[in-house]
Amino acid sequence: MKYLGITPEKIKVGVFDFTGCEGCELQLANKEETLVDFLKAIEIVNFREISSVKQHDYDLALIDGAISREDEVKRLEFIRKKAKILVAIGSCACFGGVNRLKNAFDLDEANKEVYGDKPKETEYVRSVKEVVKVDMEIPGCPVSKAEVERVVQHLIWDVQFNFPVYPVCLECKQRYTTCVFEKGLLCLGPITRGGCEAPCPAGGLGCWGCRGPSADANYEEFYKIALERGFDKEEIKERMSFFGGFDKEINS
Amino acid sequence: MSHKHDLDIEHLARVEGHGNIKVRVENGEVKEASWDVVETPRFFEVMFKNKHYTSVGLLAARICGICSISHCLCSLRAIEHIFGVSIPESAVKLRLLAKHAETLQSHLLHVLFLALPDFLGEPSVIPLVEKNPEVVDIARRLKHLANHLSDAVAGRTTHPVSFQVGGVTAVPKKEELIKFREELIRSFDDLDAVKELIKGFTIPDFVRETEFVTLKGVNKYPFIGGKLISSDGVEHEEQEYKTMTNEYVDINNTSKWSKLSRESYAVGALARLNNNYQFLNSDGKKVADELGLKPVCHNPFMNNVAQFIECYHITREAINLIEQIVDDPLKETFVPVTPKAGSGVGAIEAPRGILFHYYEFDKTGHIVKADCVVPTTQNNGNIHYDMKNLVRQFTAEDITDDKLGFICEMLVRSYDPCISCSVH
């Protein structure tokens with residue numbers, strides 16, 4: 001594939017999944033309109049979900065899922081050693097994601113509930129950066145393929161980019177979505193980082209904060225608005241803990 | 001005979017999640033042939049506890065990145081049973097349309113991106129981008145259409161946003177649906193091209209008599225709710241799912257296993273075709289004839305073909321649904337909900353087979369107890385027992401380690417296992 005008449009060297013990519021639903025890996029096989037170009041621009045050397053090829057000489061390692069077992073820690077540490085650049089993709093890899101909800105329970109009790117008297121090995125859920133050094137994070141449930149493409153474009157052609165840090169509210173305004181607070185719904189849009197194009201408020205769901213905090217999130221004003229509109233503290237806290245992205249704020 | 005085989009395939013490729021194949025054959029005798037799931041458990045049944053009903057469908061979707069729409073709809077069905085909510089007819093149609101889009105997406109991903117390389121002798125679909133661009137182009141186009149339809153109806157392809165307890169909260173525009181109808185009609189040409197390719201596939205000659213469990217069709221091919229049946233003649237109501245699934249824990253597996261009349265049973269496209277063939281529409285039946293699938297088929301490798309046949313059936317059903325929606329414009333799609341204490345079940349045919357969600361709620365609308373029985377959870381035991389027979393059959397003749405490993409991998413992939421989902 002040529003760019004300005006030059007054929008750049010392909011970057012070698014590995015994609016690895018840990019504790020999660022694999023929806024983020026699926027996103028990499030989606031966005032079909034650019035899929036062929038994407039596959040031509042990179043060399044996939046390790047992506048178990050779609051290929052039997054298994055090498056460990058990747059420039060870029062994309063990590064999907066949270067970490068919740070000792071063998072995952074070992075595997076992640078190995079990948080970190082081999083990878084030049086390691087990027088956490090999706091809310092599970094970046095924050096622990098919904099898996100983090102498990103951490104509110106006693107692990108032995110949890111095991112007993114699901115597996116009875118034959119417990120399985122499990123640990124409290126951690127994000128990728130709680131285990132190894134992470135070079136970049138792309139949160140979202142699921143991850144945005146367009147944002148993964150921008151990282152790849154940057155590595156191949158040195159295309160500069162910035163991920164949005166403004167709140168989801170801005171993108172609701174851009175697509176003319178009526179504010180869901182006006183419909184009586186709770187929404188984390190005012191404090192959540194945009195870039196998702198705000199599908200959840202448009203779908204009548206409101207934002208659940210899967211991308212974590214926006215830059216300089218004004219929590220004080222947000223709580224004030226939410227409480228004024230009749231949502232109680234517990235409900236707001238439950239919403240903010242859903243994807244694990246606001247744990248720092250909740251625990252502060 | 002002095003055949004010896006020693007295979008250890010760790011973390012099988014081109015499936016969702018982590019599973020291992022082990023085979024040991026000494027002097028022609030099968031000492032071990034196993035399929036074991038080692039995926040890290042997530043404990044969703046525990047995470048559901050204390051959750052308010054407004055967040056349950058959302059959390060349920062996160063069990064599976066491929067069939068999130070099915071998990072969400074199954075979850076909502078269980079909750080609506082408990083609260084005694086009857087959703088408007090327009091919402092029923094939209095949910096079914098999204099479900100069809102998801103099944104198309106999931107089946108096409110499996111047949112054309114994950115299984116196809118096995119039949120064309122490639123390690124993945126990637127080399128085909130250069131070697132067979134026409135096929136990749138068709139695969140890309142078909143999958144794009146299915147994903148795009150999910151986007152329009154569910155608000156998003158993965159992890160739907162417009163389905164909530166009480167109905168549907170955002171609806172697609174009429175003009176948009178008319179465009180989808182045209183694109184779906186055109187997509188039959190692409191499906192026909194794939195069909196010709198599939199006709200040339202060599203399907204391994206292997207049969208193991210199996211019990212198949214599905215929803216029971218009444219007048220039509222079943223997708224959402226209804227009675228449960230097995231090909232061995234067992235029949236139960238939706239809420240009696242536990243007597244159908246009988247989950248138990250195996251020491252070597254993080255996925256549970258299921259059994260009914262035999263040591264294991266199978267669910268999925270082949271099971272649905274076997275149990276409900278008479279309700280397949282004419283598009284589906286015609287392709288089933290052409291591809292030589294007749295019920296009852298006990299060759300698990302034919303699940304690939306069954307999925308492809310369902311693509312024809314579902315494409316036609318989606319076209320019909322859109323025509324109904326366009327002719328009789330959508331009215332109310334959402335009803336208000338009042339939570340109630342109680343317990344209930346939802347059953348749905350997810351792409352990979354029958355799926356159950358069971359919940360108990362307190363009177364404030366929070367979950368007290370949850371149980372999910374997932375398609376691949378039910379299939380894992382069956383794959384394990386298939387594997388023993390498969391190895392026995394193929395090692396009776398001279399076969400290299402590579403070829404034996406390949407056929408074992410192909411067996412697992414034929415079930416289109418969603419392992420992460422099975423260890424929810």
# chains A, B, ... in the order shown; residues from 1 in each chain; ligands from 1
call {"tool": "interface_residues", "arguments": {"of": "chain A", "to": "chain B", "cutoff": "8 Å", "atoms": "only C-alpha atoms", "output": "PyMOL selection string"}}
result
chain A and resi 17-24+26+30-33+35-36+39+48-53+68-69+98-99+101-102+105+110-111+113-115+118+120+122+141-142+199-200+202-205
call {"tool": "write_last_selection", "arguments": {"atoms": "N, CA and C atoms", "output": "compact mmCIF listing (two decimals), in the first residue's frame"}}
result
# COMPACT_ATOMS: atom_id res chain seq x y z
N ASP A 17 -5.98 -11.34 24.06
CA ASP A 17 -7.18 -11.17 24.87
C ASP A 17 -7.02 -11.80 26.25
N PHE A 18 -7.58 -11.10 27.24
CA PHE A 18 -7.53 -11.57 28.63
C PHE A 18 -8.97 -11.69 29.13
N THR A 19 -9.25 -11.31 30.38
CA THR A 19 -10.60 -11.47 30.92
C THR A 19 -11.56 -10.47 30.28
N GLY A 20 -12.49 -10.97 29.47
CA GLY A 20 -13.42 -10.07 28.80
C GLY A 20 -14.31 -10.82 27.83
N CYS A 21 -15.07 -10.05 27.04
CA CYS A 21 -16.07 -10.67 26.14
C CYS A 21 -15.55 -10.81 24.72
N GLU A 22 -14.35 -10.33 24.43
CA GLU A 22 -13.74 -10.34 23.10
C GLU A 22 -14.45 -9.44 22.10
N GLY A 23 -15.34 -8.60 22.59
CA GLY A 23 -16.03 -7.67 21.69
C GLY A 23 -15.06 -6.67 21.07
N CYS A 24 -14.00 -6.31 21.81
CA CYS A 24 -13.03 -5.35 21.27
C CYS A 24 -12.22 -5.97 20.13
N LEU A 26 -13.40 -8.21 18.18
CA LEU A 26 -14.35 -8.25 17.07
C LEU A 26 -14.37 -6.91 16.33
N ASN A 30 -14.30 -5.56 12.32
CA ASN A 30 -15.44 -4.79 11.79
C ASN A 30 -14.94 -3.58 11.00
N LYS A 31 -15.77 -2.57 10.88
CA LYS A 31 -15.50 -1.37 10.06
C LYS A 31 -15.02 -1.86 8.68
N GLU A 32 -15.92 -2.61 8.06
CA GLU A 32 -15.56 -3.33 6.83
C GLU A 32 -15.13 -2.42 5.70
N GLU A 33 -15.57 -1.14 5.73
CA GLU A 33 -15.24 -0.24 4.62
C GLU A 33 -13.73 0.01 4.52
N LEU A 35 -11.50 -2.29 6.08
CA LEU A 35 -10.87 -3.50 6.60
C LEU A 35 -9.71 -3.99 5.73
N VAL A 36 -9.90 -3.96 4.40
CA VAL A 36 -8.85 -4.47 3.51
C VAL A 36 -7.60 -3.58 3.59
N LEU A 39 -5.83 -4.27 6.87
CA LEU A 39 -5.07 -5.53 6.86
C LEU A 39 -3.83 -5.45 5.97
N ARG A 48 -4.85 -14.62 17.94
CA ARG A 48 -5.40 -15.97 18.04
C ARG A 48 -6.85 -16.08 17.57
N GLU A 49 -7.63 -15.02 17.80
CA GLU A 49 -9.05 -15.13 17.48
C GLU A 49 -9.30 -15.27 15.98
N ILE A 50 -8.41 -14.73 15.13
CA ILE A 50 -8.67 -14.83 13.69
C ILE A 50 -7.59 -15.57 12.91
N SER A 51 -6.47 -15.92 13.55
CA SER A 51 -5.38 -16.52 12.77
C SER A 51 -4.61 -17.58 13.55
N SER A 52 -4.14 -18.61 12.82
CA SER A 52 -3.33 -19.66 13.45
C SER A 52 -1.86 -19.27 13.55
N VAL A 53 -1.46 -18.15 12.89
CA VAL A 53 -0.07 -17.70 12.96
C VAL A 53 0.25 -17.22 14.38
N SER A 68 -7.22 -11.16 35.69
CA SER A 68 -7.86 -11.72 36.89
C SER A 68 -7.37 -13.12 37.25
N ARG A 69 -6.18 -13.51 36.73
CA ARG A 69 -5.63 -14.81 37.13
C ARG A 69 -4.12 -14.78 36.95
N VAL A 98 -16.58 -3.89 33.29
CA VAL A 98 -17.64 -4.43 34.15
C VAL A 98 -17.10 -5.54 35.05
N ASN A 99 -16.02 -6.20 34.63
CA ASN A 99 -15.42 -7.26 35.46
C ASN A 99 -15.10 -6.77 36.86
N LEU A 101 -16.79 -5.13 38.80
CA LEU A 101 -17.93 -5.27 39.72
C LEU A 101 -17.73 -6.47 40.64
N LYS A 102 -16.96 -7.46 40.15
CA LYS A 102 -16.68 -8.65 40.96
C LYS A 102 -15.95 -8.30 42.25
N PHE A 105 -17.24 -8.30 45.85
CA PHE A 105 -17.65 -9.55 46.52
C PHE A 105 -16.44 -10.32 47.05
N ALA A 110 -17.98 -15.91 45.95
CA ALA A 110 -18.29 -15.84 44.52
C ALA A 110 -18.08 -17.21 43.88
N ASN A 111 -16.97 -17.85 44.22
CA ASN A 111 -16.65 -19.16 43.68
C ASN A 111 -17.69 -20.19 44.07
N GLU A 113 -20.77 -19.65 44.87
CA GLU A 113 -22.03 -19.34 44.19
C GLU A 113 -22.06 -19.94 42.78
N VAL A 114 -20.94 -19.85 42.07
CA VAL A 114 -20.93 -20.29 40.67
C VAL A 114 -20.49 -21.75 40.52
N TYR A 115 -19.44 -22.15 41.24
CA TYR A 115 -18.87 -23.49 41.02
C TYR A 115 -19.09 -24.47 42.18
N LYS A 118 -16.40 -27.09 43.76
CA LYS A 118 -15.23 -27.25 42.88
C LYS A 118 -14.75 -25.87 42.44
N LYS A 120 -12.72 -22.51 41.18
CA LYS A 120 -11.72 -22.27 40.13
C LYS A 120 -10.83 -21.11 40.56
N THR A 122 -9.11 -17.73 40.75
CA THR A 122 -9.47 -16.38 40.33
C THR A 122 -8.85 -15.35 41.29
N CYS A 141 -16.46 0.78 25.54
CA CYS A 141 -17.05 -0.55 25.58
C CYS A 141 -18.14 -0.64 24.55
N PRO A 142 -17.80 -1.15 23.32
CA PRO A 142 -16.48 -1.63 22.92
C PRO A 142 -15.56 -0.49 22.47
N PRO A 199 -23.50 7.39 20.94
CA PRO A 199 -24.64 6.56 20.50
C PRO A 199 -25.63 6.26 21.62
N CYS A 200 -25.17 6.25 22.88
CA CYS A 200 -26.05 5.79 23.97
C CYS A 200 -27.13 6.80 24.34
N ALA A 202 -28.31 8.95 22.25
CA ALA A 202 -29.18 8.95 21.06
C ALA A 202 -30.12 7.74 21.06
N GLY A 203 -29.66 6.63 21.62
CA GLY A 203 -30.48 5.42 21.69
C GLY A 203 -31.44 5.41 22.87
N GLY A 204 -31.49 6.53 23.62
CA GLY A 204 -32.43 6.63 24.74
C GLY A 204 -31.94 5.97 26.01
N LEU A 205 -30.64 5.73 26.09
CA LEU A 205 -30.08 5.01 27.23
C LEU A 205 -29.40 5.96 28.22
call {"tool": "select_by_dssp", "arguments": {"residues": "stretch 77-195 of chain B", "states": "strand (DSSP E)", "output": "MDAnalysis selection string"}}
result
chainID B and resid 163:164 167:168
call {"tool": "closest_residue", "arguments": {"among": "A:Ile191, A:Cys179, A:Ile138, A:Ile250", "to": "A:Asn162", "atoms": "only C-alpha atoms"}}
result
A:Ile138
call {"tool": "residues_around", "arguments": {"residues": "B:Glu182", "least_positions_apart": "4", "cutoff": "12 Å", "atoms": "only C-alpha atoms", "output": "MDAnalysis selection string"}}
result
chainID B and resid 145 175:178 186:188 315:316 318:320 322:323
call {"tool": "residues_around", "arguments": {"residues": "A:Leu227", "least_positions_apart": "5", "cutoff": "12 Å", "atoms": "only C-alpha atoms", "output": "list in words"}}
result
Phe181, Leu186, Tyr219, Glu220, Glu221, Phe222, Asp232, Lys233, Glu234, Glu235, Ile236 and Lys237 of chain A
